[in-house]
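Okay, so here's the structure we're looking at.
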Amino acid sequence: MKKYHGAYIKNEREVARLREANRMVANILDAVGDIVAPGISTMRIEELARDMCSTYKVKPAFLGYYGYPYASCCSVNEQVVHGFPSERSLEEGDIVSVDMGVEFDGFVGDAARTYPVGKVTDDVQKLLRVTEESLYVGINQAMSGNDVYAIGAAVQEYVESAGFNVVRRFVGHGVGAQMHEKPEVPNFKPGMRGLTLQNGMVIAIEPMVTLGTYEVDILDDKWTAVTRDGKWAAHFEHSIAITPQGPRILSVSDRGLNRHTIDS
């Protein structure tokens, strides 16, 4: 890997290993979507994630990361990110955001999705749809020669035009041999110039969108982030390679790239 202003430029072999790591993550998230239903616990999601990591013979990237005690992050309703799996049972009308990462052959895969639990209200369905759509709006800006902050500007404009807000406390990031590499990839416009994207960079874009305020608080567990006003939040994430042909989504499952909440 070559360095460019602190960011790493990957070669084709390294991108291929990142693609494989992300394929596994996407397959795990597909399997999670298959079991999300009223009555299951978020710990069941954790168990599934660990079982699939064992099958793939890979290490969960989050487990032990700065002391994080689980393989997955399961954030329910007003929880934005980094929620702990537990015996809490999901209820009809809830939403659950699942963030997952694995380490494969020295490289990290990282992606997230938010799932409706049974039938959700119209405003929550719109929240899921707009959040997922904003991810693709951001991806469309992930081209060589673009300022990395153009991604966040596009995400923020799209989200706010729909009447929602984007969390500022957490951002996307470069991904490679480490889970968090440079550059930071905000989901909002920071008001300054950022790094120019280069072919071979791999970044994780992950908008977190709220029904109310974008302000968050951290619970006593030192990890779980919740909205300050208690209104619900959604989170979607893909890992993206910057290529001469445009952005390439690496976190694609064996089933293919599907929109998971957008009505056809």
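Scheme for the structure tokens: letters A, B, ... for chains in order shown; per-chain residue numbers from 1; ligand numbers from 1 in order shown.
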
> Hey, what's within 8 Å of region 83-94 of chain A if we count only C-alpha atoms and toss same-chain stuff fewer than 2 positions away? As JSON, numbers by chain, please?
Replying inline: {"A": [37, 38, 39, 40, 41, 42, 43, 45, 46, 70, 72, 73, 74, 75, 76, 77, 79, 80, 81, 96, 116, 117, 118, 119, 120, 121, 223, 224, 225]}

>> Among region 86-233 of chain A, which residues does DSSP mark as strand (DSSP E or B) when it is run on the backbone? Keep the chain and numbering as in the structure and answer as a ChimeraX atom specification.
In response: /A:89,95-104,107-116,147,165-166,172-174,181-185,196,202-205,208-210,216-218,225-227,233

>> Give me, as an MDAnalysis selection string, all polymer residues having an atom no more than 12 Å from Val209 (chain A), counting only C-alpha atoms and skipping those fewer than 5 positions away in the same chain.
In response: chainID A and resid 77:81 97 114 124 126:135 155:156 158:160 162:171 187:188 214:216 226:227 231:237

Within 10 Å of region 59-66 of chain A: each region 103-137 of chain A residue with its shortest pair, only C-alpha atoms, as JSON lines:
{"residue": "A:Glu103", "atom": "CA", "partner": "A:Lys59", "partner_atom": "CA", "distance": 5.3}
{"residue": "A:Phe104", "atom": "CA", "partner": "A:Lys59", "partner_atom": "CA", "distance": 7.3}
{"residue": "A:Asp105", "atom": "CA", "partner": "A:Lys59", "partner_atom": "CA", "distance": 9.9}
{"residue": "A:Phe107", "atom": "CA", "partner": "A:Ala61", "partner_atom": "CA", "distance": 9.5}
{"residue": "A:Val108", "atom": "CA", "partner": "A:Ala61", "partner_atom": "CA", "distance": 6.9}
{"residue": "A:Gly109", "atom": "CA", "partner": "A:Ala61", "partner_atom": "CA", "distance": 8.0}
{"residue": "A:Asp110", "atom": "CA", "partner": "A:Ala61", "partner_atom": "CA", "distance": 8.4}

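The interatomic distance for the pair CA of Arg19 (chain A) and CA of Val252 (chain A) works out to 8.2 Å.
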
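You can rank A:Glu206, A:Arg228, A:His180, A:Asp221 by their closest distance to Ala7 (chain A) using only C-alpha atoms, and at the top of that list sits A:His180.
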
Find the spatial neighbours of Thr243 (chain A), counting only C-alpha atoms, within a cut-off of 10 Å - ignore same-chain residues fewer than 6 positions away - and output them as an mmCIF file with N, CA and C atoms, in the first residue's frame.
data_model
loop_
_atom_site.group_PDB
_atom_site.id
_atom_site.type_symbol
_atom_site.label_atom_id
_atom_site.label_comp_id
_atom_site.auth_asym_id
_atom_site.auth_seq_id
_atom_site.Cartn_x
_atom_site.Cartn_y
_atom_site.Cartn_z
ATOM 1 N N ALA A 142 -18.320 9.491 -4.720
ATOM 2 C CA ALA A 142 -17.046 8.854 -4.362
ATOM 3 C C ALA A 142 -16.239 8.530 -5.614
ATOM 4 N N MET A 143 -15.772 9.580 -6.275
ATOM 5 C CA MET A 143 -15.032 9.439 -7.530
ATOM 6 C C MET A 143 -13.671 10.093 -7.411
ATOM 7 N N SER A 144 -12.700 9.525 -8.082
ATOM 8 C CA SER A 144 -11.358 10.083 -8.099
ATOM 9 C C SER A 144 -11.406 11.538 -8.557
ATOM 10 N N LEU A 197 -10.051 12.571 -3.350
ATOM 11 C CA LEU A 197 -10.114 11.119 -3.501
ATOM 12 C C LEU A 197 -9.226 10.660 -4.653
ATOM 13 N N GLN A 198 -8.569 9.506 -4.450
ATOM 14 C CA GLN A 198 -7.661 8.942 -5.445
ATOM 15 C C GLN A 198 -8.053 7.496 -5.740
ATOM 16 N N ASN A 199 -7.815 7.059 -6.961
ATOM 17 C CA ASN A 199 -8.040 5.657 -7.295
ATOM 18 C C ASN A 199 -7.226 4.763 -6.365
ATOM 19 N N GLY A 200 -7.843 3.696 -5.874
ATOM 20 C CA GLY A 200 -7.186 2.782 -4.957
ATOM 21 C C GLY A 200 -7.518 3.041 -3.498
ATOM 22 N N MET A 201 -8.120 4.177 -3.189
ATOM 23 C CA MET A 201 -8.588 4.405 -1.827
ATOM 24 C C MET A 201 -9.845 3.576 -1.585
ATOM 25 N N VAL A 202 -10.022 3.121 -0.347
ATOM 26 C CA VAL A 202 -11.240 2.400 0.045
ATOM 27 C C VAL A 202 -11.803 3.097 1.274
#

> What does the distance between CA of Val36 (chain A) and CA of Leu48 (chain A) come to in Å, to one decimal place?
Replying inline: 11.2 Å

> Can you list, as a PyMOL selection string, every protein, DNA or RNA residue that comes within 7 Å of Val185 (chain A) when you count only C-alpha atoms, leaving out same-chain residues fewer than 2 positions away?
Replying inline: chain A and resi 148-149+152+171-173+183+187+205

> A:Arg23, A:His82, A:Arg13, A:Lys222: which is nearest Met1 (chain A), counting only C-alpha atoms?
Replying inline: A:Arg13

>> Between A:Gln125, A:Thr196, A:Asn22, A:Asn27, which residue has the minimum interatomic distance to Gly101 (chain A), considering only C-alpha atoms?
In response: A:Asn22
